[in-house]
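Quick look at run.tsv (TSV, C-alpha atoms and all ligand atoms):
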```
chain	number	residue	atom	x	y	z
R	1	MET	CA	160.61	41.21	126.00
R	2	ASN	CA	161.92	37.99	127.50
R	3	GLU	CA	162.25	34.85	125.43
R	4	GLU	CA	159.46	33.00	127.19
R	5	LEU	CA	156.96	35.76	126.51
R	6	ARG	CA	158.09	36.06	122.91
R	7	ALA	CA	157.53	32.33	122.43
R	8	LEU	CA	154.07	32.60	123.94
R	9	TYR	CA	153.20	35.45	121.60
R	10	GLN	CA	154.43	33.41	118.66
R	11	GLU	CA	152.21	30.57	119.78
R	12	VAL	CA	149.09	32.74	119.88
R	13	ILE	CA	149.78	34.06	116.38
R	14	ILE	CA	150.45	30.59	114.96
R	15	ASP	CA	147.34	29.19	116.67
R	16	HIS	CA	145.06	31.94	115.36
R	17	GLY	CA	146.77	31.86	111.95
R	18	ARG	CA	146.16	28.14	111.58
R	19	HIS	CA	142.77	28.01	113.25
R	20	PRO	CA	141.19	31.38	112.73
R	21	ARG	CA	138.19	32.12	114.99
R	22	ASN	CA	134.93	33.35	113.50
R	23	PHE	CA	136.08	32.24	110.06
R	24	LYS	CA	132.78	32.18	108.20
R	25	LYS	CA	130.35	34.33	106.32
R	26	LEU	CA	127.99	36.29	108.51
R	27	GLU	CA	124.32	36.36	107.57
R	28	HIS	CA	122.71	39.81	107.45
R	29	PRO	CA	125.82	41.86	108.29
R	30	SER	CA	125.54	45.61	108.76
R	31	PHE	CA	128.54	45.79	106.49
R	32	CYS	CA	130.91	43.55	104.64
R	33	GLN	CA	134.23	45.23	103.99
R	34	GLU	CA	136.90	43.78	101.76
R	35	GLY	CA	140.53	44.41	102.53
R	36	TYR	CA	143.49	43.77	100.28
R	37	ASN	CA	147.19	44.03	100.96
R	38	PRO	CA	148.93	43.77	97.57
R	39	LEU	CA	152.40	43.68	99.13
R	40	CYS	CA	151.72	40.28	100.68
R	41	GLY	CA	148.63	39.13	98.83
R	42	ASP	CA	146.42	39.12	101.94
R	43	HIS	CA	142.79	39.37	100.96
R	44	LEU	CA	139.95	39.29	103.43
R	45	LYS	CA	136.30	40.10	103.86
R	46	LEU	CA	135.21	41.34	107.24
R	47	TYR	CA	131.57	40.97	108.26
R	48	VAL	CA	130.18	43.03	111.10
R	49	ARG	CA	126.69	43.21	112.54
R	50	ILE	CA	125.77	46.28	114.54
R	51	GLU	CA	122.76	46.80	116.74
R	52	ASN	CA	122.16	49.97	118.75
R	53	ASN	CA	125.68	51.24	118.08
R	54	THR	CA	127.18	48.03	119.43
R	55	ILE	CA	129.01	45.40	117.41
R	56	VAL	CA	127.05	42.25	118.21
R	57	ASP	CA	128.79	39.89	115.82
R	58	ALA	CA	131.85	39.78	113.59
R	59	SER	CA	133.40	37.22	111.29
R	60	PHE	CA	135.66	37.01	108.28
R	61	GLU	CA	136.64	35.02	105.23
R	62	GLY	CA	139.68	35.20	103.06
R	63	GLN	CA	143.25	34.10	102.67
R	64	GLY	CA	146.63	35.46	103.47
R	65	CYS	CA	149.69	35.00	105.61
R	66	ALA	CA	149.52	33.77	109.20
R	67	ILE	CA	149.89	37.31	110.57
R	68	SER	CA	146.97	38.73	108.59
R	69	MET	CA	144.74	35.77	109.47
R	70	ALA	CA	145.72	35.86	113.14
R	71	ALA	CA	145.19	39.62	113.28
R	72	CYS	CA	141.72	39.35	111.80
R	73	SER	CA	140.83	36.39	113.99
R	74	LEU	CA	141.89	38.29	117.13
R	75	LEU	CA	140.05	41.38	115.91
R	76	THR	CA	136.74	39.55	115.48
R	77	GLU	CA	137.09	38.06	118.96
R	78	ARG	CA	137.85	41.40	120.52
R	79	ILE	CA	135.29	43.68	118.90
R	80	LYS	CA	132.25	41.53	119.68
R	81	ASN	CA	130.05	43.30	122.20
R	82	THR	CA	131.98	46.55	122.03
R	83	SER	CA	130.46	49.86	121.03
R	84	ILE	CA	131.42	51.54	117.77
R	85	VAL	CA	133.20	54.24	119.80
R	86	GLU	CA	135.19	51.57	121.62
R	87	ALA	CA	136.06	49.81	118.35
R	88	ARG	CA	137.48	53.07	117.01
R	89	LYS	CA	139.55	53.47	120.18
R	90	LEU	CA	140.90	49.97	119.68
R	91	PHE	CA	141.84	50.88	116.10
R	92	ASP	CA	143.80	53.90	117.31
R	93	ALA	CA	145.51	51.93	120.07
R	94	PHE	CA	146.43	49.17	117.64
R	95	GLN	CA	148.04	51.68	115.28
R	96	ILE	CA	150.19	52.93	118.17
R	97	LEU	CA	151.07	49.37	119.16
R	98	VAL	CA	152.45	48.47	115.73
R	99	SER	CA	154.09	51.77	114.86
R	100	ASP	CA	155.46	53.16	118.11
R	101	ALA	CA	158.98	51.90	118.88
R	102	ASN	CA	158.07	51.68	122.55
R	103	PRO	CA	154.31	51.72	123.02
R	104	PRO	CA	153.08	52.85	126.44
R	105	GLU	CA	152.27	50.09	128.92
R	106	LYS	CA	148.67	51.28	129.13
R	107	ILE	CA	148.22	50.74	125.39
R	108	ARG	CA	149.38	47.15	125.74
R	109	ASP	CA	147.18	46.60	128.76
R	110	TYR	CA	144.21	48.05	126.95
R	111	LEU	CA	144.75	45.86	123.91
R	112	GLY	CA	145.34	42.73	125.98
R	113	LYS	CA	145.69	39.69	123.74
R	114	LEU	CA	145.93	41.90	120.66
R	115	SER	CA	149.35	43.00	121.93
R	116	VAL	CA	150.83	39.76	120.65
R	117	LEU	CA	150.98	41.43	117.25
R	118	GLY	CA	153.19	44.25	118.52
R	119	GLY	CA	156.27	42.36	117.33
R	120	VAL	CA	155.50	43.29	113.71
R	121	ARG	CA	156.81	46.80	114.34
R	122	ASP	CA	160.29	45.40	113.70
R	123	PHE	CA	159.19	44.20	110.26
R	124	PRO	CA	157.69	47.14	108.33
R	125	VAL	CA	156.27	44.94	105.56
R	126	ARG	CA	154.42	42.90	108.16
R	127	ILE	CA	152.75	45.92	109.72
R	128	LYS	CA	150.38	46.03	106.76
R	129	CYS	CA	149.51	42.38	107.28
R	130	ALA	CA	148.67	43.07	110.93
R	131	THR	CA	146.69	46.24	110.30
R	132	LEU	CA	144.72	45.10	107.24
R	133	ALA	CA	141.75	43.82	109.25
R	134	TRP	CA	141.74	47.01	111.31
R	135	HIS	CA	141.69	49.20	108.22
R	136	ALA	CA	138.82	47.11	106.90
R	137	LEU	CA	136.97	47.62	110.17
R	138	LYS	CA	137.55	51.36	110.15
R	139	ALA	CA	136.53	51.73	106.50
R	140	GLY	CA	133.39	49.72	107.19
R	141	LEU	CA	132.49	51.82	110.21
R	142	ASP	CA	133.23	55.03	108.31
R	143	ASP	CA	130.76	54.05	105.66
R	144	ILE	CA	128.41	51.29	106.73
R	145	ASN	CA	127.24	50.72	103.16
R	146	ASN	CA	130.66	50.95	101.62
R	147	LYS	CA	131.35	47.96	99.39
R	148	LYS	CA	134.66	49.17	98.04
R	149	VAL	CA	137.91	47.31	98.52
R	150	VAL	CA	140.18	48.96	101.05
R	151	SER	CA	143.83	48.68	100.19
R	152	THR	CA	146.89	49.22	102.34
R	153	GLU	CA	148.47	51.11	99.45
Q	201	ZN	ZN	150.54	39.20	104.98
```

When written as structure tokens, how does the structure in this file appear?
Amino acid sequence: MNEELRALYQEVIIDHGRHPRNFKKLEHPSFCQEGYNPLCGDHLKLYVRIENNTIVDASFEGQGCAISMAACSLLTERIKNTSIVEARKLFDAFQILVSDANPPEKIRDYLGKLSVLGGVRDFPVRIKCATLAWHALKAGLDDINNKKVVSTE
């Protein structure tokens, strides 16, 4: 990745980390899933509202490092108006993005703005910060009424 692009990616993460989007409690969510990453201390609550198998709204509350906040902010932006099936595909693609040493171009294209978090693959501890929101999403989708805390450990 060239320096200019890297700087741009950094900017997106810092922007979303400092000014998270959809940072609020959602009224009448289909599920509220807590996520906790004890390694870093990231702790968030993801709210999702689903209608007709489509995610119509998403928001979150919580605190943590800039990466975890940016990741969750970007997630809530991206999953709005996507189907549950699509959200699961995004989860899978995101896992590849952060774990594969050289993720396929089509994965990055598919993820779009979410690709800015791909840089965490060089920092194993940070991968859990970046994937926390996604694990919360998946756990919530797996069990809509699940109120348990999902942990990265
Ligand atoms: Zn973190």

*asked:* Measuring between only C-alpha atoms, which one of R:Gly41, R:Gly35, R:Pro103, R:Gly64 shows the shortest distance to R:Ala139?
replied: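 That would be R:Gly35, the residue with the smallest distance to R:Ala139.
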
_Please compute the atom CA of R:Ala7-atom CA of R:Val120 distance, one decimal, in Å._
14.2 Å

*Counting only C-alpha atoms, note down every residue that has an atom within 6 Å of the point (146.3, 42.9, 109.6) (file coordinates), as a ChimeraX atom specification.*
/R:68,71,128-133

Write a file of the selected residues as a PDB file, in the frame of the given file, keeping C-alpha atoms.
```pdb
ATOM      1  CA  SER R  68     146.970  38.730 108.590  1.00  0.00           C
ATOM      2  CA  ALA R  71     145.190  39.620 113.280  1.00  0.00           C
ATOM      3  CA  LYS R 128     150.380  46.030 106.760  1.00  0.00           C
ATOM      4  CA  CYS R 129     149.510  42.380 107.280  1.00  0.00           C
ATOM      5  CA  ALA R 130     148.670  43.070 110.930  1.00  0.00           C
ATOM      6  CA  THR R 131     146.690  46.240 110.300  1.00  0.00           C
ATOM      7  CA  LEU R 132     144.720  45.100 107.240  1.00  0.00           C
ATOM      8  CA  ALA R 133     141.750  43.820 109.250  1.00  0.00           C
TER       9      ALA R 133
END
```

*asked:* Let me make sure I understand: among R:Gly112, R:Pro104, R:Pro29, R:Pro38, which one has the smallest atom-to-atom distance to ligand ZN 201 (chain Q) if we use only C-alpha atoms and all ligand atoms?
replied: R:Pro38

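One distance worth recording is that between atom CA of R:Lys25 and atom CA of R:Tyr47, which is 7.0 Å.
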
_Counting all atoms listed in the file, which residues have an atom no more than 12 Å from (146.5, 41.1, 121.0) in the file's coordinates? Please list them as an NGL selection string._
:R and (8-10 or 12-13 or 16 or 67 or 70-79 or 90-91 or 93-94 or 97-98 or 107-120 or 130-131)

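Separating atom CA of R:His135 from atom CA of R:Arg88 is a distance of 10.5 Å.
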
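Considering all atoms listed in the file, the residue among R:Ser99, R:Asn52, R:Val85, R:Asn37 positioned nearest to ligand ZN 201 (chain Q) is R:Asn37.
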
*Nearest-residue call for ligand ZN 201 (chain Q), choices R:Leu141, R:Ile127, R:Cys32, R:Ile55, using all atoms listed in the file*: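 Closest to ligand ZN 201 (chain Q) of all the choices is R:Ile127.
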